[in-house]
Amino acid sequence: MNGTLMGGVTALLLVWGTVSGAVAQEPPSPAQTFGFEPGTDYEVADLDELYGYYRELARTSERVQLREIGESTRGEPLLLLLISSRDNLGRIDRWRGTSELLAGGRLLPRQARNLARESPALVWIDAGLHSTELAPTQHAPVLAHHLATDESEEARRIRDGVVLLLMPVMNPDGHRVVVDWYRENLGTPWETTDPVELYHEYAGHDTNRDWFMIRQQETAHISRALYGEWHPQIVFNHHQEAPYPARIFVPPFADPVNPHIPSLVVRGVNLVGEAIQKRLAERGMEGAVSGTTFTMWWNGGMRTVPYFKNMVGILSEVAHSSPTPEYHPASELPEVFGAPGRTIPAQKPSIHYSDPWRGGWSRFSDAVEYHLQASLATLDIAARFREEWLYNVHQLASRQIDQGMAGSPYAYIVDVEEQWDRGEAAELLRALLRGGVEIHRSRTPFLAEGREYPSGAYVLMAAQPYRPYLMDLLEAQEHPERELFPGGPPEPPYGDLAGWTLPIQMGVEVDRVDGRFHADLERVQEISPPQAASSHAPDAFGFWLSARRNESRQAVNELLDDGLRVFVPYRLPVDEEAERGFLVEASNERDVERVRTVARSLGLHLRPESGSSTEDLREIRRPSVGVYRSWVPEPDEGWTRWLLERYRYPVASLRDPDIRDGGLDQVDVLVLPDQSAETIRDGHEPGSRPPAYVGGLGPEGTEEIRGFVEEGGVLVAMDGATRFVMEELSVPVEDAVAALPRNELFVPGSLLRLQVDGSDPVAWGMPLEAAVFYQRSRAFRVLDPERVRVAARYGASGLLLSGWEQGADEHLAGRPAVVRAPLGEGEVVLVGFRPQFRGQTSGTFKFLFNAILQGSWGEEEVILESGWGNASGEAGTSVGGALSGAPK
């Protein structure tokens, strides 16, 4: 062989060796990458270290694929790892398609069985949803490396029988916040404290409360991956809030069980939970508890939504979330623990706590190991019963379709054009669509149970795989009445949530149809804004926007930003005439086109106004809004910012020093989100956080707020914050129910009837009857009726619309719920509930929007047209029939 040929072969072999060496490179361990074993005392891998490791693992292992499924609120990538055998990953699109077909429930049993027989199971495991719970994110790289490299029989069985969908950091923004805080305070007295800011830009801890409205970017991307792409059979959501002294909580859960959850799902949850506990016992890992605290009632959490979609949802709550170790002497362990009414002996074996923890050192490495073993137990039982998990999903979905075809209900119908607020009807449909519900639209008019519906009406057939999810969100909840002990006070539901019916809290009329009907339907993949309509005469002054639409406030803010002039009548029209709400001047082609563009994007009707006189109109300006932001982070503050930013209000966050140092001079309206009076006034106790973050408003800040209002500002306080205003600013209003014990008044997270006084500006554009989310909220007693106006009261009777109440009719009926009172030249608005609760209660958003609007009108009082109601808030009649407690 000549030298030239030999040289070419040698070079080719060298190149091939380099390439094959890169592919065959041994995947690094987490410890090699981080410089410490995950779980090491005082050490925690940050987001850059974690993401760098996963990218390297995917590069060096043919058993790992890495995908980006979207971005977080602050722009971090959301990573999803696919871990399985090389053969399974080579056919991953086939297995994803199989999972989708089985979840659809429309195969013949033989077809479904054949697919289940050949396919691996899909299991979703996630970490880091609640960022202060650090151990889940530290167990994820250990789990990923183990499955990518381990050659044990179990690891091979898992890789062959399962595709793991590992979401290693659900909330990357929060992970940065928490790890930075820990590292900054390491070695100080504040080493184990939580940060002084929300660990999600808007939701904070409520990142696990947004799984049916799907308002935040993270929940939207993850829901699309879960329910629009992968359709896993098991979803495992890791957390760290084990009831002390237990080391880990896993299923079975405590009662009650939501009646819409299929029995086979409950059995699957119990099976996986018992498998986890068995594995822990085999390894001598003490302290596993079940059957207490956590239930299967609520819809809306990361692990609870899957129940209503025929999936097995698993929760772990592991002790010790900090890298800092702690010692717990056995002598200091409690005698009993767990939820009230479900207490368990802490030092003696029992059915739900068979191997009690004996105390001693509690370390971060322990928590990482508990998470790791729980994950492996779940993956192992998924592999062992792979075919059953896959076929059961098909079986469950098929049953839901059959039950829907049988009727009761047969369908739900939403006529968007016949709503008080058409935009919220469209938004309700979008929320359901984001959650994977099948939605159709009629091509032609049709008749159902004697009512004629137009073409374009939306039809949600009950014969669909997610029937339990659909029914649970559209029907009223009836939470079981439970007592802590016979004759004792009521037992609070987990999460303090009992009812969440979307049509009720969004003010949307949804018709339930039990009998069959025929309609020409097409399935839709998106919900467009309501049809916009406009006409314009050449000499028109401008256009009217309806006060009934939430989006009208957004349109006004955008148009004011563009320099257009907006007016409202001195006498604000109420009831049906509220369609004449905001008048936008548009007398030239450029302005006309700009108004029409905004209206089209939001689905707003434009009504032309030909007159040119502004004599009966008041021009409004865009008020600057300050939102109080305590160093004690409160999710309600984040949701308030989210809502106002979404509707294009100019929002400034005001900290305690900002207010004390004159920052209120820069705003027209100050909003106090729900927070206790003590927290607003006193904040963190001295010594509990670094000095810059202790204390609240204090006397100086309180006086700044008083001066701000007395000089013409508007103060809006919601729910718990109203007590601060009543106590500190001497407003002639008091909480009428604060002193009542729980066995007399108990309303945990439920929807109650509200009567609205249409003659009050704070109620402008509201129907005469609405629903409020009441979660141990406020009802007022007016001490000076001459000075205080009542904008809304709790209903006269039959208050409960969805959830659970005890004593509401007796103690809340007729009580003021929204009031306003003058203070100097300004005004105080007290809202006894959270009108913007978690971005869900869009039927009451206008209470906040209208309160802010008071900062646009200057000193003159706005007069309303004569309409229903008066300042005393007498009862009115229902509008639209949407508040019957269930869809019509």
# chains A, B, ... in the order shown; residues from 1 in each chain; ligands from 1
>>> residues_around(residues="Phe249 in chain A", least_positions_apart="2", cutoff="6 Å", atoms="only C-alpha atoms", output="PDB file with all heavy atoms, in the first residue's frame")
ATOM      1  N   ALA A 242     -43.462  17.900  54.689  1.00  0.00           N
ATOM      2  CA  ALA A 242     -43.915  16.738  55.446  1.00  0.00           C
ATOM      3  C   ALA A 242     -44.397  17.170  56.821  1.00  0.00           C
ATOM      4  O   ALA A 242     -43.760  17.998  57.484  1.00  0.00           O
ATOM      5  CB  ALA A 242     -42.787  15.722  55.587  1.00  0.00           C
ATOM      6  N   ALA A 288     -42.125   7.345  57.067  1.00  0.00           N
ATOM      7  CA  ALA A 288     -43.065   7.541  55.963  1.00  0.00           C
ATOM      8  C   ALA A 288     -44.485   7.552  56.510  1.00  0.00           C
ATOM      9  O   ALA A 288     -44.884   6.648  57.248  1.00  0.00           O
ATOM     10  CB  ALA A 288     -42.909   6.438  54.926  1.00  0.00           C
ATOM     11  N   VAL A 289     -45.255   8.582  56.141  1.00  0.00           N
ATOM     12  CA  VAL A 289     -46.620   8.706  56.625  1.00  0.00           C
ATOM     13  C   VAL A 289     -47.558   8.876  55.440  1.00  0.00           C
ATOM     14  O   VAL A 289     -47.174   9.370  54.376  1.00  0.00           O
ATOM     15  CB  VAL A 289     -46.757   9.906  57.592  1.00  0.00           C
ATOM     16  CG1 VAL A 289     -46.605  11.225  56.861  1.00  0.00           C
ATOM     17  CG2 VAL A 289     -48.074   9.857  58.350  1.00  0.00           C
ATOM     18  N   SER A 290     -48.805   8.468  55.626  1.00  0.00           N
ATOM     19  CA  SER A 290     -49.840   8.667  54.619  1.00  0.00           C
ATOM     20  C   SER A 290     -51.160   8.890  55.342  1.00  0.00           C
ATOM     21  O   SER A 290     -51.239   8.833  56.572  1.00  0.00           O
ATOM     22  CB  SER A 290     -49.933   7.446  53.682  1.00  0.00           C
ATOM     23  OG  SER A 290     -50.299   6.286  54.413  1.00  0.00           O
ATOM     24  N   SER A 316     -45.185  13.795  46.780  1.00  0.00           N
ATOM     25  CA  SER A 316     -44.319  13.533  47.931  1.00  0.00           C
ATOM     26  C   SER A 316     -44.109  14.837  48.668  1.00  0.00           C
ATOM     27  O   SER A 316     -44.012  15.901  48.053  1.00  0.00           O
ATOM     28  CB  SER A 316     -42.957  12.956  47.501  1.00  0.00           C
ATOM     29  OG  SER A 316     -42.155  13.961  46.895  1.00  0.00           O
ATOM     30  N   GLU A 317     -44.097  14.764  49.970  1.00  0.00           N
ATOM     31  CA  GLU A 317     -43.768  15.910  50.824  1.00  0.00           C
ATOM     32  C   GLU A 317     -42.685  15.433  51.790  1.00  0.00           C
ATOM     33  O   GLU A 317     -42.953  14.671  52.709  1.00  0.00           O
ATOM     34  CB  GLU A 317     -44.999  16.390  51.600  1.00  0.00           C
ATOM     35  CG  GLU A 317     -46.105  16.950  50.730  1.00  0.00           C
ATOM     36  CD  GLU A 317     -45.864  18.400  50.325  1.00  0.00           C
ATOM     37  OE1 GLU A 317     -44.830  18.964  50.738  1.00  0.00           O
ATOM     38  OE2 GLU A 317     -46.717  18.970  49.616  1.00  0.00           O
TER      39      GLU A 317
END
>>> closest_atom_pairs(of="range 723-836 of chain A", to="range 478-489 of chain A", cutoff="9 Å", atoms="only C-alpha atoms", output="JSON lines")
{"residue": "A:Pro741", "atom": "CA", "partner": "A:Pro489", "partner_atom": "CA", "distance": 8.8}
{"residue": "A:Arg742", "atom": "CA", "partner": "A:Pro489", "partner_atom": "CA", "distance": 6.3}
{"residue": "A:Asn743", "atom": "CA", "partner": "A:Pro489", "partner_atom": "CA", "distance": 4.6}
{"residue": "A:Glu744", "atom": "CA", "partner": "A:Pro489", "partner_atom": "CA", "distance": 8.4}
{"residue": "A:Phe746", "atom": "CA", "partner": "A:Pro489", "partner_atom": "CA", "distance": 8.9}
{"residue": "A:Ser802", "atom": "CA", "partner": "A:Glu478", "partner_atom": "CA", "distance": 6.4}
{"residue": "A:Gly803", "atom": "CA", "partner": "A:Glu478", "partner_atom": "CA", "distance": 5.2}
{"residue": "A:Trp804", "atom": "CA", "partner": "A:His479", "partner_atom": "CA", "distance": 5.4}
{"residue": "A:Glu805", "atom": "CA", "partner": "A:Glu481", "partner_atom": "CA", "distance": 8.7}
{"residue": "A:Gln806", "atom": "CA", "partner": "A:Glu481", "partner_atom": "CA", "distance": 8.9}
>>> write_last_selection(atoms="all heavy atoms", output="short mmCIF file (atom, residue, chain, number, x, y, z; two decimals), in the first residue's frame")
data_model
loop_
_atom_site.label_atom_id
_atom_site.label_comp_id
_atom_site.auth_asym_id
_atom_site.auth_seq_id
_atom_site.Cartn_x
_atom_site.Cartn_y
_atom_site.Cartn_z
N PRO A 741 -66.43 32.67 66.21
CA PRO A 741 -65.65 31.43 66.20
C PRO A 741 -66.00 30.58 64.98
O PRO A 741 -67.05 30.77 64.35
CB PRO A 741 -66.07 30.73 67.50
CG PRO A 741 -67.43 31.26 67.79
CD PRO A 741 -67.43 32.68 67.29
N ARG A 742 -65.14 29.63 64.67
CA ARG A 742 -65.30 28.84 63.46
C ARG A 742 -66.55 27.97 63.48
O ARG A 742 -67.11 27.67 62.43
CB ARG A 742 -64.06 27.96 63.25
CG ARG A 742 -63.93 27.44 61.83
CD ARG A 742 -62.56 26.89 61.56
NE ARG A 742 -62.33 25.63 62.25
CZ ARG A 742 -61.14 25.11 62.48
NH1 ARG A 742 -60.07 25.78 62.11
NH2 ARG A 742 -61.00 23.96 63.09
N ASN A 743 -67.00 27.57 64.66
CA ASN A 743 -68.21 26.74 64.68
C ASN A 743 -69.48 27.57 64.46
O ASN A 743 -70.56 27.01 64.32
CB ASN A 743 -68.31 25.95 65.99
CG ASN A 743 -68.33 26.84 67.21
OD1 ASN A 743 -68.13 28.05 67.10
ND2 ASN A 743 -68.58 26.26 68.36
N GLU A 744 -69.36 28.91 64.39
CA GLU A 744 -70.50 29.76 64.06
C GLU A 744 -70.45 30.25 62.62
O GLU A 744 -71.48 30.33 61.95
CB GLU A 744 -70.56 30.95 65.01
CG GLU A 744 -70.92 30.59 66.45
CD GLU A 744 -71.18 31.82 67.29
OE1 GLU A 744 -71.68 32.83 66.75
OE2 GLU A 744 -70.87 31.76 68.50
N PHE A 746 -68.09 29.67 59.12
CA PHE A 746 -66.99 28.95 58.50
C PHE A 746 -67.25 28.89 56.99
O PHE A 746 -68.20 28.26 56.53
CB PHE A 746 -66.89 27.54 59.08
CG PHE A 746 -65.77 26.71 58.48
CD1 PHE A 746 -64.45 27.02 58.75
CD2 PHE A 746 -66.05 25.62 57.67
CE1 PHE A 746 -63.42 26.25 58.22
CE2 PHE A 746 -65.03 24.85 57.14
CZ PHE A 746 -63.71 25.17 57.40
N SER A 802 -71.14 27.63 45.50
CA SER A 802 -70.27 26.48 45.25
C SER A 802 -69.29 26.36 46.40
O SER A 802 -68.66 27.36 46.79
CB SER A 802 -69.50 26.65 43.93
OG SER A 802 -68.67 25.54 43.67
N GLY A 803 -69.15 25.15 46.96
CA GLY A 803 -68.17 24.92 48.03
C GLY A 803 -68.80 24.44 49.30
O GLY A 803 -69.52 23.43 49.32
N TRP A 804 -68.60 25.18 50.39
CA TRP A 804 -69.02 24.75 51.72
C TRP A 804 -69.13 25.98 52.61
O TRP A 804 -68.25 26.86 52.58
CB TRP A 804 -67.99 23.77 52.29
CG TRP A 804 -68.27 23.21 53.64
CD1 TRP A 804 -69.48 23.15 54.31
CD2 TRP A 804 -67.33 22.58 54.51
NE1 TRP A 804 -69.34 22.53 55.52
CE2 TRP A 804 -68.02 22.16 55.68
CE3 TRP A 804 -65.96 22.33 54.43
CZ2 TRP A 804 -67.40 21.53 56.74
CZ3 TRP A 804 -65.34 21.68 55.49
CH2 TRP A 804 -66.05 21.28 56.63
N GLU A 805 -70.20 26.07 53.35
CA GLU A 805 -70.33 27.16 54.32
C GLU A 805 -71.06 26.65 55.55
O GLU A 805 -71.84 25.71 55.49
CB GLU A 805 -71.08 28.34 53.71
CG GLU A 805 -72.52 28.08 53.29
CD GLU A 805 -73.54 28.12 54.41
OE1 GLU A 805 -73.26 28.75 55.46
OE2 GLU A 805 -74.62 27.51 54.26
N GLN A 806 -70.79 27.32 56.63
CA GLN A 806 -71.52 27.09 57.87
C GLN A 806 -71.76 28.45 58.51
O GLN A 806 -70.82 29.15 58.87
CB GLN A 806 -70.72 26.19 58.81
CG GLN A 806 -71.45 25.85 60.11
CD GLN A 806 -70.72 24.78 60.91
OE1 GLN A 806 -70.41 23.71 60.41
NE2 GLN A 806 -70.43 25.09 62.17
#
>>> closest_residue(among="A:Ser624, A:Ala144, A:Leu433, A:Pro120", to="Asp87 in chain A", atoms="only C-alpha atoms")
A:Pro120
>>> residues_around(residues="Ala738 in chain A", least_positions_apart="3", cutoff="12 Å", atoms="only C-alpha atoms", output="list in words")
Asp719, Gly720, Thr722, Arg723, Glu734, Asp735, Pro741, Arg742, Glu744, Leu745, Phe746, Arg776, Ser777, Arg778, Ala779, Phe780, Arg781, His811, Leu812 and Gly832 of chain A
>>> residues_around(residues="Ser365 in chain A", least_positions_apart="2", cutoff="9 Å", atoms="only C-alpha atoms", output="PDB file with C-alpha atoms, in the first residue's frame")
ATOM      1  CA  GLU A  37     -22.442  15.393  46.051  1.00  0.00           C
ATOM      2  CA  PRO A  38     -26.007  16.711  45.828  1.00  0.00           C
ATOM      3  CA  GLY A  39     -27.308  16.859  49.370  1.00  0.00           C
ATOM      4  CA  THR A  40     -23.986  17.835  50.945  1.00  0.00           C
ATOM      5  CA  ASP A  41     -24.403  20.052  53.987  1.00  0.00           C
ATOM      6  CA  ALA A 135     -34.104  18.959  47.793  1.00  0.00           C
ATOM      7  CA  PRO A 323     -28.918  22.507  53.072  1.00  0.00           C
ATOM      8  CA  SER A 362     -31.819  15.695  59.857  1.00  0.00           C
ATOM      9  CA  ARG A 363     -29.712  16.457  56.811  1.00  0.00           C
ATOM     10  CA  ALA A 367     -34.124  14.569  51.899  1.00  0.00           C
ATOM     11  CA  VAL A 368     -32.374  13.995  48.567  1.00  0.00           C
ATOM     12  CA  GLU A 369     -32.298  10.247  49.249  1.00  0.00           C
ATOM     13  CA  TYR A 370     -36.002  10.103  50.168  1.00  0.00           C
TER      14      TYR A 370
END
>>> residues_around(residues="Val123 in chain A", least_positions_apart="3", cutoff="6 Å", atoms="only C-alpha atoms", output="number ranges by chain")
A: 164-165, 232, 234
>>> closest_residue(among="A:Tyr51, A:Tyr628, A:Trp95, A:Trp190", to="Pro141 in chain A", atoms="only C-alpha atoms")
A:Tyr51
>>> residues_around(residues="Gly359 in chain A", least_positions_apart="5", cutoff="12 Å", atoms="only C-alpha atoms", output="ChimeraX atom specification")
/A:244-247,286-287,326-334,346-347
>>> residues_around(residues="Asp421 in chain A", least_positions_apart="3", cutoff="12 Å", atoms="only C-alpha atoms", output="ChimeraX atom specification")
/A:415-418,424-428,503,506-509,529-530,546-552,576,578-579,603-605,765-767,842-846,879-880,882
>>> select_by_dssp(residues="range 4-196 of chain A", states="helix (DSSP H, G or I)", output="ChimeraX atom specification")
/A:4-23,30-34,47-60,86-90,92-104,109-118,135-149,153-161,172-185
>>> select_by_dssp(residues="range 622-735 of chain A", states="strand (DSSP E)", output="number ranges by chain")
A: 625-628, 651-654, 669-672, 714-718, 733-735
>>> closest_atom_pairs(of="range 215-279 of chain A", to="range 126-131 of chain A", cutoff="10 Å", atoms="only C-alpha atoms", output="tab-separated table")
residue	atom	partner	partner_atom	distance
A:Glu218	CA	A:Leu129	CA	9.8
A:Val235	CA	A:Asp126	CA	8.2
A:Phe236	CA	A:Asp126	CA	6.4
A:Asn237	CA	A:Asp126	CA	5.5
A:His238	CA	A:Ala127	CA	5.5
A:His239	CA	A:His130	CA	7.1
A:Gln240	CA	A:His130	CA	8.4
>>> closest_residue(among="A:Ala382, A:Leu115, A:Leu134, A:Val592", to="Val318 in chain A", atoms="only C-alpha atoms")
A:Leu134
>>> atom_distance(atom1="CA of Asp46 in chain A", atom2="CA of Leu166 in chain A")
17.6 Å
>>> closest_residue(among="A:Val632, A:Gly581, A:Trp639, A:Gly161", to="Leu617 in chain A", atoms="only C-alpha atoms")
A:Gly581
>>> atom_distance(atom1="CA of Thr597 in chain A", atom2="CA of Arg621 in chain A")
21.1 Å
>>> closest_residue(among="A:Phe847, A:Tyr42, A:Phe308, A:Trp631", to="His260 in chain A", atoms="only C-alpha atoms")
A:Phe308
>>> closest_atom_pairs(of="range 49-157 of chain A", to="range 461-473 of chain A", cutoff="9 Å", atoms="only C-alpha atoms", output="Markdown table")
| residue | atom | partner | partner_atom | distance |
| --- | --- | --- | --- | --- |
| A:Ala103 | CA | A:Pro465 | CA | 7.1 |
| A:Gly104 | CA | A:Pro465 | CA | 5.9 |
| A:Gly105 | CA | A:Pro465 | CA | 6.3 |
| A:Arg106 | CA | A:Pro465 | CA | 8.8 |
>>> closest_residue(among="A:Leu768, A:Leu853, A:Val336, A:Val250", to="Phe567 in chain A", atoms="only C-alpha atoms")
A:Leu853
